[in-house]
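> Contents are mmCIF, C-alpha atoms; file name coords13.cif:
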```cif
data_final
#
loop_
_atom_site.group_PDB
_atom_site.id
_atom_site.type_symbol
_atom_site.label_atom_id
_atom_site.label_comp_id
_atom_site.auth_asym_id
_atom_site.auth_seq_id
_atom_site.Cartn_x
_atom_site.Cartn_y
_atom_site.Cartn_z
ATOM 1 C CA MET I 160 -12.860 -33.455 34.445
ATOM 2 C CA SER I 161 -11.816 -31.280 31.491
ATOM 3 C CA ALA I 162 -10.935 -27.606 31.794
ATOM 4 C CA ARG I 163 -13.991 -26.598 29.785
ATOM 5 C CA SER I 164 -16.504 -28.140 32.105
ATOM 6 C CA SER I 165 -14.663 -27.494 35.346
ATOM 7 C CA PRO I 166 -16.972 -25.468 37.608
ATOM 8 C CA GLU I 167 -14.240 -24.491 40.076
ATOM 9 C CA LYS I 168 -12.129 -22.678 37.474
ATOM 10 C CA SER I 169 -13.723 -20.024 35.358
ATOM 11 C CA SER I 170 -11.219 -19.120 32.638
ATOM 12 C CA PRO I 171 -11.847 -17.634 29.220
ATOM 13 C CA TYR I 172 -9.049 -19.812 27.857
ATOM 14 C CA ILE I 173 -9.361 -23.313 26.492
ATOM 15 C CA ASN I 174 -6.999 -26.107 27.492
ATOM 16 C CA ILE I 175 -6.217 -27.942 24.269
ATOM 17 C CA PHE I 176 -4.603 -30.908 26.027
ATOM 18 C CA THR I 177 -7.562 -32.086 28.090
ATOM 19 C CA SER I 178 -9.274 -34.247 25.531
ATOM 20 C CA SER I 179 -7.571 -37.416 24.485
ATOM 21 C CA SER I 180 -7.272 -38.028 20.775
ATOM 22 C CA PRO I 181 -8.183 -41.419 19.327
ATOM 23 C CA VAL I 182 -5.206 -41.137 16.978
ATOM 24 C CA ASN I 183 -2.659 -40.246 19.608
ATOM 25 C CA SER I 184 -2.812 -42.581 22.595
ATOM 26 C CA SER I 185 0.051 -40.923 24.449
ATOM 27 C CA PRO I 186 -0.750 -39.566 27.905
ATOM 28 C CA SER I 187 -1.663 -35.911 28.347
ATOM 29 C CA PRO I 188 1.187 -33.541 29.143
ATOM 30 C CA THR I 189 1.752 -32.375 32.668
ATOM 31 C CA SER I 190 -0.001 -29.267 33.937
ATOM 32 C CA SER I 191 3.206 -27.231 33.599
ATOM 33 C CA SER I 192 3.216 -27.708 29.817
ATOM 34 C CA VAL I 193 -0.462 -27.006 29.161
ATOM 35 C CA LEU I 194 -1.040 -24.588 26.304
ATOM 36 C CA LEU I 195 -3.956 -22.265 26.816
ATOM 37 C CA LEU I 196 -5.525 -20.567 23.812
ATOM 38 C CA PRO I 197 -7.944 -17.658 23.905
ATOM 39 C CA PRO I 198 -11.446 -18.367 22.680
ATOM 40 C CA ARG I 199 -11.962 -17.800 18.951
ATOM 41 C CA ASN I 200 -14.337 -14.879 19.344
ATOM 42 C CA THR I 201 -11.857 -12.740 21.306
ATOM 43 C CA PRO I 202 -10.815 -9.733 19.217
ATOM 44 C CA TYR I 203 -7.086 -9.191 18.864
ATOM 45 C CA SER I 204 -7.448 -5.621 17.665
ATOM 46 C CA ASN I 205 -5.864 -2.653 19.285
ATOM 47 C CA PRO I 206 -7.943 0.346 18.199
ATOM 48 C CA TRP I 207 -6.182 3.470 17.026
ATOM 49 C CA THR I 208 -6.548 6.614 19.068
ATOM 50 C CA LYS I 209 -6.423 10.222 17.965
ATOM 51 C CA GLU I 210 -3.275 10.623 20.074
ATOM 52 C CA GLU I 211 -1.564 8.087 17.800
ATOM 53 C CA ILE I 212 -2.910 9.342 14.492
ATOM 54 C CA ILE I 213 -2.496 13.121 14.864
ATOM 55 C CA PRO I 214 1.350 13.116 15.117
ATOM 56 C CA ILE I 215 1.592 10.783 12.116
ATOM 57 C CA LEU I 216 -0.809 12.894 10.052
ATOM 58 C CA SER I 217 1.085 16.064 10.992
ATOM 59 C CA TYR I 218 4.354 14.448 9.928
ATOM 60 C CA ILE I 219 2.842 13.301 6.639
ATOM 61 C CA ASN I 220 1.349 16.752 6.043
ATOM 62 C CA ASP I 221 4.806 18.277 6.455
ATOM 63 C CA HIS I 222 6.359 15.676 4.120
ATOM 64 C CA ILE I 223 3.569 15.165 1.581
ATOM 65 C CA ASP I 224 5.961 14.755 -1.372
ATOM 66 C CA ASP I 225 7.688 11.881 0.420
ATOM 67 C CA TRP I 226 4.304 10.277 1.137
ATOM 68 C CA ILE I 227 3.418 10.321 -2.554
ATOM 69 C CA VAL I 228 6.781 8.909 -3.653
ATOM 70 C CA HIS I 229 7.308 6.242 -0.987
ATOM 71 C CA PRO I 230 4.672 6.071 1.772
ATOM 72 C CA LYS I 231 6.041 3.030 3.608
ATOM 73 C CA LEU I 232 9.437 4.662 3.980
ATOM 74 C CA LEU I 233 7.765 7.719 5.476
ATOM 75 C CA CYS I 234 5.870 5.476 7.924
ATOM 76 C CA LYS I 235 9.164 3.862 8.905
ATOM 77 C CA LYS I 236 10.664 7.307 9.579
ATOM 78 C CA ALA I 237 7.618 8.238 11.682
ATOM 79 C CA ILE I 238 8.137 5.129 13.814
ATOM 80 C CA GLU I 239 11.860 5.871 14.155
ATOM 81 C CA LEU I 240 10.970 9.371 15.385
ATOM 82 C CA ASN I 241 8.739 7.734 18.032
ATOM 83 C CA LEU I 242 5.611 9.386 16.699
ATOM 84 C CA VAL I 243 3.847 6.084 17.291
ATOM 85 C CA ASN I 244 4.650 3.179 19.608
ATOM 86 C CA GLN I 245 3.906 -0.524 19.337
ATOM 87 C CA ARG I 246 2.783 -0.386 15.703
ATOM 88 C CA SER I 247 4.536 -1.941 12.745
ATOM 89 C CA VAL I 248 5.409 -0.038 9.582
ATOM 90 C CA HIS I 249 2.777 -2.011 7.709
ATOM 91 C CA ALA I 250 0.115 -1.269 10.332
ATOM 92 C CA VAL I 251 0.864 2.467 10.216
ATOM 93 C CA TYR I 252 0.892 2.502 6.418
ATOM 94 C CA GLN I 253 -2.309 0.487 6.160
ATOM 95 C CA LYS I 254 -4.180 2.709 8.623
ATOM 96 C CA ILE I 255 -3.087 5.970 7.011
ATOM 97 C CA HIS I 256 -3.702 4.617 3.519
ATOM 98 C CA ASN I 257 -7.214 3.484 4.515
ATOM 99 C CA ILE I 258 -8.205 6.771 6.127
ATOM 100 C CA ILE I 259 -6.841 8.797 3.200
ATOM 101 C CA ASN I 260 -8.850 6.625 0.819
ATOM 102 C CA SER I 261 -11.945 7.040 2.994
ATOM 103 C CA MET I 262 -11.487 10.797 2.889
ATOM 104 C CA LYS I 263 -10.988 10.686 -0.914
ATOM 105 C CA VAL I 264 -14.308 8.894 -1.248
ATOM 106 C CA TRP I 265 -15.936 11.467 1.007
ATOM 107 C CA LEU I 266 -14.505 14.401 -0.946
ATOM 108 C CA THR I 267 -15.410 12.984 -4.351
ATOM 109 C CA GLU I 268 -18.620 11.042 -3.729
ATOM 110 C CA LYS I 269 -19.832 12.302 -0.318
ATOM 111 C CA LYS I 270 -19.929 8.739 1.050
ATOM 112 C CA LYS I 271 -18.665 8.128 4.563
ATOM 113 C CA GLY I 272 -16.611 5.001 5.109
ATOM 114 C CA HIS I 273 -16.271 2.805 8.167
ATOM 115 C CA GLU I 274 -13.307 4.715 9.644
ATOM 116 C CA THR I 275 -15.221 6.297 12.541
ATOM 117 C CA LEU I 276 -12.195 8.018 14.061
ATOM 118 C CA ILE I 277 -11.873 10.404 11.134
ATOM 119 C CA TRP I 278 -15.507 11.493 11.412
ATOM 120 C CA SER I 279 -15.762 11.768 15.194
ATOM 121 C CA GLU I 280 -12.547 13.722 15.853
ATOM 122 C CA LYS I 281 -12.527 17.223 14.366
ATOM 123 C CA GLU I 282 -8.751 17.685 14.513
ATOM 124 C CA VAL I 283 -8.117 14.363 12.784
ATOM 125 C CA ASN I 284 -10.764 15.176 10.176
ATOM 126 C CA GLU I 285 -9.337 18.605 9.325
ATOM 127 C CA LEU I 286 -5.753 17.380 9.119
ATOM 128 C CA LEU I 287 -6.736 14.384 7.033
ATOM 129 C CA GLU I 288 -8.826 16.523 4.683
ATOM 130 C CA GLU I 289 -5.837 18.833 4.128
ATOM 131 C CA ILE I 290 -3.542 15.882 3.376
ATOM 132 C CA THR I 291 -6.076 14.240 1.072
ATOM 133 C CA LYS I 292 -6.590 17.433 -0.932
ATOM 134 C CA LYS I 293 -2.810 17.706 -1.375
ATOM 135 C CA VAL I 294 -2.607 14.055 -2.472
ATOM 136 C CA ILE I 295 -5.434 14.518 -4.980
ATOM 137 C CA LYS I 296 -3.786 17.678 -6.332
ATOM 138 C CA LYS I 297 -0.447 15.889 -6.769
ATOM 139 C CA GLU I 298 -2.147 12.926 -8.483
ATOM 140 C CA ILE I 299 -3.853 15.279 -10.940
ATOM 141 C CA GLU I 300 -0.553 17.071 -11.616
ATOM 142 C CA ASN I 301 1.212 13.740 -12.202
ATOM 143 C CA GLU I 302 -1.535 12.586 -14.580
ATOM 144 C CA SER I 303 -1.377 15.823 -16.597
ATOM 145 C CA GLU I 304 2.428 15.587 -16.759
ATOM 146 C CA ALA I 305 2.129 11.990 -17.946
ATOM 147 C CA GLU I 306 -0.320 13.050 -20.679
ATOM 148 C CA ASP I 307 2.044 15.836 -21.770
ATOM 149 C CA VAL I 308 4.908 13.354 -21.939
ATOM 150 C CA GLU I 309 2.803 10.930 -23.989
ATOM 151 C CA VAL I 310 1.848 13.655 -26.467
ATOM 152 C CA ILE I 311 5.481 14.732 -26.822
ATOM 153 C CA ASP I 312 6.576 11.127 -27.207
ATOM 154 C CA LEU I 313 4.012 10.516 -29.952
ATOM 155 C CA GLU I 314 5.146 13.635 -31.808
ATOM 156 C CA GLN I 315 8.787 12.634 -31.457
ATOM 157 C CA GLU I 316 8.009 9.107 -32.661
ATOM 158 C CA GLU I 317 6.236 10.515 -35.725
ATOM 159 C CA ASN I 318 9.189 12.813 -36.466
ATOM 160 C CA LEU I 319 11.667 9.990 -35.972
ATOM 161 C CA SER I 320 9.677 7.612 -38.140
ATOM 162 C CA THR I 321 9.392 10.136 -40.998
ATOM 163 C CA GLU I 322 13.115 10.920 -40.726
ATOM 164 C CA LYS I 323 13.892 7.214 -40.702
ATOM 165 C CA ASN I 324 11.707 6.643 -43.750
ATOM 166 C CA LEU I 325 13.435 9.468 -45.598
ATOM 167 C CA ASN I 326 16.836 8.110 -44.610
ATOM 168 C CA ASP I 327 15.821 4.577 -45.541
ATOM 169 C CA GLU I 328 14.630 5.716 -48.978
ATOM 170 C CA GLY I 329 17.887 7.556 -49.598
ATOM 171 C CA SER I 330 19.999 4.655 -48.436
ATOM 172 C CA ASN I 331 17.936 2.242 -50.515
ATOM 173 C CA GLU I 332 18.668 4.244 -53.664
ATOM 174 C CA GLU I 333 22.377 4.303 -52.832
ATOM 175 C CA GLU I 334 22.365 0.563 -52.124
ATOM 176 C CA MET I 335 20.589 -0.127 -55.413
ATOM 177 C CA GLU I 336 23.167 1.952 -57.310
ATOM 178 C CA GLU I 337 26.047 0.135 -55.604
ATOM 179 C CA LYS I 338 24.438 -3.234 -56.356
ATOM 180 C CA ALA I 339 23.912 -2.270 -59.995
ATOM 181 C CA ASN I 340 27.554 -1.174 -60.274
ATOM 182 C CA LYS I 341 28.723 -4.465 -58.781
ATOM 183 C CA ASP I 342 26.517 -6.371 -61.214
ATOM 184 C CA MET I 343 28.013 -4.438 -64.131
ATOM 185 C CA ASP I 344 31.528 -5.142 -62.898
ATOM 186 C CA ILE I 345 30.798 -8.864 -62.730
ATOM 187 C CA GLU I 346 29.568 -8.953 -66.333
#
```
In structure tokens, what does this structure look like?

Amino acid sequence: MSARSSPEKSSPYINIFTSSSPVNSSPSPTSSSVLLLPPRNTPYSNPWTKEEIIPILSYINDHIDDWIVHPKLLCKKAIELNLVNQRSVHAVYQKIHNIINSMKVWLTEKKKGHETLIWSEKEVNELLEEITKKVIKKEIENESEAEDVEVIDLEQEENLSTEKNLNDEGSNEEEMEEKANKDMDIE
């Protein structure tokens, strides 16, 4: 009898070595080497709790400039400080990035996203709103600085191009005179 249809054992796992393959006619492995896989519909997620998120958000709030410059490095530092356990840098970054983006959408468009933790926990919501407002403010400042730089660059390019044209015209006249003198010397 196969492990799936065995009435005496009720296991949520599937024995992948019980059915014999028509391609492979080798005998089934012994019971000590049986590989059990969880059923496909079993979720592998580990939901975030407010106890995990609040220390990270507090750390980010205190180091908002670092978050804007290099967020993954800040997540790595948060993990090194043991603000969160059993989460990778990418997982921390992705979660924080997603909830900040959800809060941005809420603040700009008044649409709630799927991140239920930020709506159900008041402390998380307030801290996240503060961080998101700082991030938006910094983004606006960076955009205005970039526009100022572009305007200055365009003005400098115009000045340089007019100076270059004036210099080119002067040098062209000098070159033409030198060429004419050389031509006269040859004759």
> Mind pulling up the distance from CA of Trp226 in chain I to CA of Asn244 in chain I?
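Separation between CA of Asn244 in chain I and CA of Trp226 in chain I: 19.8 Å.
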> CA of Ala305 in chain I and CA of Leu232 in chain I are how many Å apart?
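CA of Leu232 in chain I lies 24.2 Å from CA of Ala305 in chain I.
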> Apply the PyMOL selection byres ((chain I and resi 294) around 9) to the file shown and report the selected residues as a list in words.
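Evaluating the PyMOL selection byres ((chain I and resi 294) around 9) on this file yields Ile223, Asp224, Trp226, Ile227, Ile259, Glu289, Ile290, Thr291, Lys292, Lys293, Ile295, Lys296, Lys297, Glu298 and Ile299 of chain I.
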> Pick from I:Leu216, I:Leu287, I:Ile258, I:Leu240: nearest to Glu274 in chain I, with only C-alpha atoms counted?
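Checking each candidate against Glu274 in chain I, we get I:Ile258 as the closest.
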> Can you work out the spacing between CA of Val283 in chain I and CA of Ser217 in chain I in Å, to one decimal?
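Rounded to one decimal, the two atoms are 9.5 Å apart.
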> Quick one: residues within 7 Å of Cys234 in chain I, all atoms listed in the file counted, chain neighbours fewer than 4 positions away excluded, as a list in words?
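Using all atoms listed in the file, the neighbours found are Pro230, Ile238, Val248, Val251 and Tyr252 of chain I.
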> Using the chain letters and numbering of this document, enumerate as a list in words the residues selected by the PyMOL selection byres ((chain I and resi 265) around 12).
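Matching residues under the PyMOL selection byres ((chain I and resi 265) around 12) are Ile258, Ile259, Asn260, Ser261, Met262, Lys263, Val264, Leu266, Thr267, Glu268, Lys269, Lys270, Lys271, Gly272, His273, Glu274, Ile277, Trp278, Asn284, Leu287, Glu288, Thr291 and Lys292 of chain I.
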